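Coordinates from structure.txt are shown below (compact mmCIF, C-alpha atoms).
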```txt
# COMPACT_ATOMS: atom_id res chain seq x y z
CA MET A 1 -18.18 0.28 15.50
CA THR A 2 -14.97 -1.68 15.00
CA ILE A 3 -11.64 0.07 14.50
CA ILE A 4 -9.50 -1.82 11.99
CA ASP A 5 -6.14 -1.62 13.73
CA GLY A 6 -3.46 -1.78 11.02
CA LYS A 7 -0.62 -1.54 13.53
CA LYS A 8 -1.88 -4.50 15.57
CA LEU A 9 -2.57 -6.56 12.45
CA SER A 10 0.81 -5.80 10.89
CA ASP A 11 2.53 -6.84 14.15
CA LEU A 12 0.60 -10.13 14.06
CA ILE A 13 1.62 -10.79 10.44
CA LYS A 14 5.22 -9.87 11.28
CA THR A 15 5.20 -12.58 13.93
CA GLU A 16 3.82 -15.09 11.40
CA ILE A 17 6.46 -14.20 8.80
CA ALA A 18 9.28 -14.25 11.37
CA ALA A 19 8.26 -17.83 12.21
CA GLU A 20 8.41 -18.70 8.50
CA VAL A 21 11.90 -17.19 8.24
CA GLU A 22 13.04 -19.26 11.23
CA LYS A 23 11.87 -22.39 9.40
CA ILE A 24 13.80 -21.28 6.29
CA LYS A 25 16.94 -20.75 8.37
CA ALA A 26 16.54 -24.10 10.11
CA SER A 27 16.29 -25.90 6.78
CA GLY A 28 19.30 -24.04 5.34
CA GLY A 29 17.19 -22.19 2.79
CA LYS A 30 17.78 -18.76 1.28
CA ILE A 31 16.86 -15.80 3.50
CA PRO A 32 14.54 -13.34 1.69
CA HIS A 33 16.34 -10.15 0.66
CA LEU A 34 14.65 -6.81 -0.05
CA ALA A 35 16.48 -3.77 -1.44
CA ALA A 36 15.22 -0.18 -1.40
CA VAL A 37 16.50 2.66 -3.57
CA LEU A 38 16.20 6.18 -2.18
CA VAL A 39 17.04 9.18 -4.37
CA GLY A 40 17.43 12.53 -2.63
CA ASP A 41 16.47 13.49 0.92
CA ASP A 42 12.69 13.93 0.92
CA PRO A 43 11.76 13.62 4.63
CA ALA A 44 8.60 11.56 4.08
CA SER A 45 10.42 9.16 1.73
CA GLN A 46 13.19 8.73 4.28
CA VAL A 47 10.63 7.78 6.94
CA TYR A 48 8.91 5.29 4.62
CA VAL A 49 12.17 3.64 3.61
CA ARG A 50 13.38 3.50 7.21
CA ASN A 51 10.13 1.74 8.21
CA LYS A 52 10.55 -0.76 5.39
CA VAL A 53 14.16 -1.55 6.34
CA LYS A 54 13.18 -1.91 10.02
CA SER A 55 10.31 -4.26 9.13
CA CYS A 56 12.77 -6.43 7.20
CA GLU A 57 14.99 -6.63 10.27
CA ASP A 58 11.99 -7.42 12.49
CA VAL A 59 11.07 -10.52 10.47
CA GLY A 60 14.64 -11.68 9.84
CA PHE A 61 14.95 -10.66 6.18
CA LYS A 62 18.14 -9.27 4.70
CA SER A 63 17.78 -5.66 3.56
CA THR A 64 19.88 -3.33 1.45
CA LEU A 65 19.44 0.43 1.19
CA VAL A 66 20.87 2.08 -1.93
CA ARG A 67 21.07 5.87 -1.65
CA ARG A 68 21.70 8.35 -4.42
CA PRO A 69 21.81 12.17 -4.19
CA ALA A 70 18.92 14.32 -5.41
CA ASP A 71 20.96 15.42 -8.44
CA ALA A 72 21.63 11.84 -9.60
CA THR A 73 20.81 11.47 -13.29
CA GLU A 74 18.19 9.14 -14.73
CA GLU A 75 21.01 7.16 -16.35
CA GLU A 76 22.70 6.69 -12.97
CA LEU A 77 19.45 5.46 -11.44
CA MET A 78 18.87 3.10 -14.38
CA GLU A 79 22.31 1.65 -13.73
CA VAL A 80 21.30 0.92 -10.12
CA VAL A 81 18.06 -0.71 -11.32
CA ASN A 82 19.95 -2.89 -13.79
CA GLN A 83 22.41 -3.97 -11.10
CA LEU A 84 19.57 -4.96 -8.77
CA ASN A 85 17.76 -6.79 -11.60
CA GLY A 86 20.88 -8.90 -12.10
CA ASP A 87 21.73 -9.52 -8.44
CA GLU A 88 20.62 -13.09 -7.74
CA ASP A 89 20.70 -12.64 -3.96
CA ILE A 90 18.12 -9.82 -4.04
CA ASP A 91 14.60 -11.23 -4.34
CA GLY A 92 12.77 -7.94 -4.73
CA PHE A 93 13.39 -4.23 -4.67
CA ILE A 94 11.59 -0.93 -4.67
CA VAL A 95 12.48 2.51 -5.96
CA GLN A 96 10.93 4.93 -3.47
CA LEU A 97 8.57 7.46 -5.06
CA PRO A 98 8.33 10.34 -5.69
CA LEU A 99 11.57 10.76 -7.60
CA PRO A 100 13.20 14.15 -8.34
CA LYS A 101 11.38 15.93 -11.16
CA HIS A 102 14.22 15.48 -13.69
CA ILE A 103 13.81 11.68 -13.53
CA ASN A 104 10.97 10.00 -15.46
CA GLU A 105 9.21 7.69 -12.99
CA GLU A 106 7.56 5.69 -15.78
CA ASN A 107 10.92 4.89 -17.40
CA VAL A 108 12.27 3.68 -14.06
CA THR A 109 9.19 1.55 -13.32
CA LEU A 110 9.37 -0.09 -16.75
CA ALA A 111 13.06 -0.90 -16.22
CA ILE A 112 12.37 -2.98 -13.09
CA ASP A 113 12.26 -6.74 -13.69
CA PRO A 114 8.59 -7.74 -13.08
CA LYS A 115 9.86 -10.77 -11.12
CA LYS A 116 11.46 -8.38 -8.61
CA ASP A 117 8.74 -5.70 -8.69
CA VAL A 118 7.49 -6.23 -5.13
CA ASP A 119 5.76 -2.81 -5.23
CA GLY A 120 3.45 -4.25 -7.90
CA PHE A 121 3.72 -1.16 -10.12
CA HIS A 122 5.09 -2.73 -13.33
CA PRO A 123 2.51 -3.06 -16.15
CA VAL A 124 3.14 -6.82 -16.27
CA ASN A 125 2.10 -7.23 -12.63
CA PHE A 126 -0.72 -4.71 -13.00
CA GLY A 127 -2.02 -6.59 -16.04
CA ARG A 128 -1.79 -9.96 -14.30
CA MET A 129 -3.71 -8.51 -11.35
CA ALA A 130 -6.42 -7.18 -13.66
CA LEU A 131 -6.78 -10.62 -15.24
CA GLY A 132 -6.90 -12.36 -11.86
CA LEU A 133 -3.58 -14.12 -12.45
CA PRO A 134 -0.97 -14.55 -9.69
CA SER A 135 0.95 -11.28 -9.32
CA TYR A 136 2.61 -8.97 -6.85
CA LEU A 137 -0.29 -6.78 -5.79
CA PRO A 138 0.36 -3.05 -5.24
CA ALA A 139 1.26 -2.72 -1.57
CA THR A 140 -1.50 -0.37 -0.34
CA PRO A 141 -4.44 -2.15 -2.05
CA PHE A 142 -2.96 -5.49 -0.95
CA GLY A 143 -2.81 -4.20 2.62
CA ILE A 144 -6.44 -3.07 2.46
CA MET A 145 -7.61 -6.43 1.07
CA THR A 146 -5.72 -8.18 3.88
CA MET A 147 -7.44 -5.95 6.46
CA LEU A 148 -10.87 -6.73 5.01
CA GLU A 149 -10.08 -10.44 5.02
CA ARG A 150 -8.58 -10.64 8.52
CA TYR A 151 -11.37 -8.56 10.07
CA GLN A 152 -13.97 -10.62 8.17
CA VAL A 153 -15.62 -7.55 6.68
CA PRO A 154 -18.53 -8.65 4.45
CA THR A 155 -17.92 -7.57 0.85
CA ALA A 156 -19.92 -9.87 -1.45
CA GLY A 157 -22.69 -7.97 -3.24
CA LYS A 158 -21.84 -4.70 -1.48
CA ASN A 159 -21.69 -1.30 -3.17
CA ALA A 160 -18.13 -0.03 -2.90
CA VAL A 161 -17.04 3.49 -3.81
CA VAL A 162 -13.34 4.22 -4.33
CA ILE A 163 -12.46 7.92 -4.14
CA GLY A 164 -9.38 8.64 -6.27
CA ARG A 165 -8.11 7.02 -9.46
CA SER A 166 -4.33 6.81 -9.02
CA ASN A 167 -2.48 3.83 -10.49
CA ILE A 168 -0.99 3.16 -7.06
CA VAL A 169 -4.20 2.95 -5.01
CA GLY A 170 -7.56 3.92 -6.54
CA THR A 171 -7.57 2.03 -9.82
CA PRO A 172 -6.10 -1.25 -8.52
CA MET A 173 -8.37 -1.06 -5.46
CA ALA A 174 -11.42 -0.85 -7.72
CA ILE A 175 -10.23 -3.88 -9.69
CA LEU A 176 -9.50 -5.98 -6.60
CA LEU A 177 -12.84 -5.23 -4.92
CA SER A 178 -14.72 -6.20 -8.10
CA ARG A 179 -12.95 -9.53 -8.59
CA LYS A 180 -14.49 -12.89 -7.73
CA GLY A 181 -13.64 -14.19 -4.29
CA SER A 182 -13.42 -13.02 -0.71
CA PRO A 183 -12.79 -10.22 -0.09
CA GLY A 184 -14.29 -9.04 -3.37
CA ASP A 185 -17.49 -9.55 -5.37
CA CYS A 186 -18.38 -5.87 -4.88
CA THR A 187 -20.22 -3.59 -7.27
CA VAL A 188 -17.63 -0.83 -7.61
CA THR A 189 -17.91 2.85 -8.50
CA LEU A 190 -14.71 4.86 -8.98
CA VAL A 191 -15.10 8.59 -8.36
CA HIS A 192 -12.53 11.36 -8.78
CA SER A 193 -12.00 15.11 -9.08
CA ARG A 194 -14.17 15.36 -12.21
CA THR A 195 -17.08 13.32 -10.86
CA LYS A 196 -20.43 15.10 -10.66
CA ASN A 197 -22.70 14.47 -7.66
CA MET A 198 -19.83 12.81 -5.78
CA LYS A 199 -21.45 13.41 -2.41
CA GLU A 200 -24.63 11.59 -3.42
CA ILE A 201 -22.70 8.67 -4.91
CA VAL A 202 -20.46 8.21 -1.86
CA ALA A 203 -23.48 8.45 0.47
CA GLN A 204 -24.91 5.28 -1.09
CA ALA A 205 -21.78 3.20 -0.49
CA ASP A 206 -21.59 0.19 1.80
CA ILE A 207 -17.79 0.39 1.57
CA ILE A 208 -15.80 3.61 1.06
CA VAL A 209 -12.10 3.68 0.20
CA ALA A 210 -10.86 7.26 0.45
CA ALA A 211 -7.63 7.86 -1.47
CA ILE A 212 -7.96 11.37 -2.84
CA GLY A 213 -5.21 13.14 -0.88
CA ARG A 214 -7.41 15.88 0.61
CA PRO A 215 -7.44 16.33 4.40
CA GLU A 216 -10.74 15.26 5.99
CA PHE A 217 -12.51 15.33 2.62
CA VAL A 218 -15.09 12.68 3.56
CA THR A 219 -17.53 14.13 6.09
CA ALA A 220 -20.39 12.58 8.06
CA ASP A 221 -23.05 13.70 5.56
CA MET A 222 -21.29 11.60 2.87
CA VAL A 223 -21.45 8.38 4.88
CA LYS A 224 -24.49 6.22 5.51
CA GLU A 225 -25.13 4.37 8.76
CA GLY A 226 -23.22 1.09 9.01
CA ALA A 227 -20.76 1.86 6.21
CA VAL A 228 -17.20 0.47 6.13
CA VAL A 229 -14.67 3.29 5.73
CA ILE A 230 -11.05 2.71 4.69
CA ASP A 231 -8.95 5.86 4.92
CA VAL A 232 -5.80 5.80 2.77
CA GLY A 233 -4.92 9.47 3.21
CA ILE A 234 -1.94 10.75 5.17
CA ASN A 235 -2.03 14.55 5.34
CA ARG A 236 -0.18 16.89 7.66
CA ILE A 237 -2.20 19.91 8.73
CA ASP A 238 -1.33 22.91 10.90
CA ASP A 239 -2.51 22.64 14.49
CA PRO A 240 -1.22 25.29 16.93
CA SER A 241 -2.59 23.26 19.88
CA HIS A 242 -0.35 20.30 18.98
CA PRO A 243 3.17 20.15 20.50
CA LYS A 244 4.68 19.91 16.99
CA GLY A 245 2.42 22.64 15.60
CA SER A 246 0.86 20.15 13.17
CA ARG A 247 -0.76 16.73 13.12
CA LEU A 248 -1.55 13.87 10.75
CA VAL A 249 -5.07 13.38 9.46
CA GLY A 250 -6.59 11.17 6.82
CA ASP A 251 -8.89 11.85 3.90
CA VAL A 252 -11.79 11.17 6.29
CA ALA A 253 -13.03 13.47 9.07
CA TYR A 254 -12.58 10.63 11.55
CA ASN A 255 -14.26 12.05 14.67
CA GLU A 256 -17.53 12.86 12.91
CA VAL A 257 -17.58 9.85 10.56
CA ALA A 258 -16.54 7.04 12.96
CA PRO A 259 -19.80 6.92 14.97
CA LYS A 260 -21.74 6.08 11.79
CA CYS A 261 -19.45 3.22 10.71
CA SER A 262 -19.49 -0.54 11.21
CA PHE A 263 -15.73 -0.62 10.50
CA ILE A 264 -13.22 2.22 10.09
CA THR A 265 -9.44 2.59 9.80
CA PRO A 266 -7.68 5.31 11.83
CA VAL A 267 -4.92 7.66 10.67
CA PRO A 268 -2.23 7.08 11.68
CA GLY A 269 -2.13 3.37 12.54
CA GLY A 270 -4.53 2.08 9.90
CA VAL A 271 -3.61 1.44 6.27
CA GLY A 272 -0.01 2.74 6.58
CA PRO A 273 1.51 -0.15 8.58
CA MET A 274 -0.25 -2.67 6.33
CA THR A 275 1.28 -1.09 3.21
CA VAL A 276 4.75 -1.83 4.58
CA MET A 277 3.66 -5.33 5.61
CA SER A 278 2.39 -6.07 2.09
CA LEU A 279 5.84 -5.29 0.72
CA ILE A 280 7.30 -7.85 3.13
CA ILE A 281 4.73 -10.48 2.05
CA ASN A 282 5.50 -9.83 -1.64
CA THR A 283 9.23 -10.22 -0.93
CA LEU A 284 8.59 -13.56 0.78
CA LYS A 285 6.60 -14.66 -2.27
CA ALA A 286 9.45 -13.51 -4.53
CA SER A 287 12.03 -15.47 -2.55
CA ARG A 288 9.85 -18.57 -2.85
CA LYS A 289 9.26 -17.91 -6.55
CA GLU A 290 5.53 -18.28 -5.94
CA ILE A 291 4.44 -15.92 -8.72
CA TYR A 292 6.88 -16.55 -11.55
CA GLY A 293 8.43 -19.89 -10.64
```
Let me see the structure of the file written as structure tokens.
Amino acid sequence: MTIIDGKKLSDLIKTEIAAEVEKIKASGGKIPHLAAVLVGDDPASQVYVRNKVKSCEDVGFKSTLVRRPADATEEELMEVVNQLNGDEDIDGFIVQLPLPKHINEENVTLAIDPKKDVDGFHPVNFGRMALGLPSYLPATPFGIMTMLERYQVPTAGKNAVVIGRSNIVGTPMAILLSRKGSPGDCTVTLVHSRTKNMKEIVAQADIIVAAIGRPEFVTADMVKEGAVVIDVGINRIDDPSHPKGSRLVGDVAYNEVAPKCSFITPVPGGVGPMTVMSLIINTLKASRKEIYG
């Protein structure tokens, strides 16, 4: 059984990108610049944004953090988005989700210039991805594909089951795994909360991507011997024995599932660090105008 170490891999890619940035500096080129917009004070969002800003610093990118209070209006946020769209020094930006309930996330996503949409959420980028055209891939699926590639996980002709159908992870993951190329060429089944016989379907999978948001949902009896298991979930559960009174777990019951796997990602330290790294890679692509010229 091989543990796919997202932390180790992201550190390696950071080193590679930092070397690229040094070359850009040496040649007098433009330093990539990522901006992040944070509305309100959601603790998890603050951690995510802080990690993204730190990763920018680690590789030598410029970074800008734009903060707005939780009671900021949708119009005020749209004004920020329009300013960032028009700022020629900023190559890409993200608006950290979730947003306060009074702000329509879809309206905000649609307002972002696709050329700067390094989260890969805009319908233009999503559509280009679905067609196999160059695009900014959504960060978490991109991170997973990078893990499969770097760890040389066989995917061609394999049965892959993606658990969860969100636009951020499940649906794009299913598309990417089914596309021609490596990693890819899978036969993909997408299951979700309304799926009947889910347990039986998942138990036939060569590759499982769990992104359903339920703590330790995937148990050993749902996993066949030799399966590849990618755990996207990050769930905090109560644990009186833990110093903090709680701990992080994935959507997979790791301790009972891991012995059956050929490859598995841990939580934490698996998919999470690679999601942040994918954002950095997309920003580098944006600064080079690789996707849109």
> Rounded to one decimal in Å, what is the spacing between CA of Arg150 (chain A) and CA of Lys199 (chain A)?
Replying inline: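 The value is 29.4 Å.
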>> Can you tell me which residues surround Gly157 (chain A) at a distance of at most 9 Å, considering all atoms listed in the file, apart from same-chain residues fewer than 4 positions away, and format the answer as a PyMOL selection string?
In response: chain A and resi 184-187
>> So that I can see what lies close to Pro183 (chain A), please list as a PyMOL selection string the residues with an atom at most 8 Å from it, counting all atoms listed in the file and leaving out residues fewer than 6 positions away in the same chain.
In response: chain A and resi 145+148-149+153-156+177
>> Considering all atoms listed in the file, can you say which of A:Leu84, A:Cys56, A:Leu176, A:Met147 comes closest to Thr15 (chain A)?
In response: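 Between A:Leu84, A:Cys56, A:Leu176, A:Met147, the residue approaching Thr15 (chain A) most closely is A:Cys56.
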> Residues at most 12 Å from Leu190 (chain A), counting all atoms listed in the file, excluding those fewer than 5 positions away in the same chain, as a PyMOL selection string?
Replying inline: chain A and resi 159-166+169-175+177-178+195-196+198+201-202+205+207-212
> What is the CA of Pro141 (chain A) to CA of Phe126 (chain A) distance in Å?
Replying inline: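 According to the coordinates, CA of Pro141 (chain A) and CA of Phe126 (chain A) are separated by 11.8 Å.
Distance-wise, CA of Val66 (chain A) and CA of Leu38 (chain A) end up 6.2 Å apart.
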>> Counting all atoms listed in the file, which residue out of A:His33, A:Gly272, A:Asp113, A:Lys285 sits closest to Leu137 (chain A)?
In response: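 Nearest candidate to Leu137 (chain A) out of A:His33, A:Gly272, A:Asp113, A:Lys285: A:Lys285.
Here the residues that fall within 8 Å of (-17.0, 14.1, 7.8), using only C-alpha atoms, are given as Glu216, Phe217, Val218, Thr219, Ala220, Asp221, Met222, Val223, Val252, Ala253, Tyr254, Asn255, Glu256 and Val257 of chain A.
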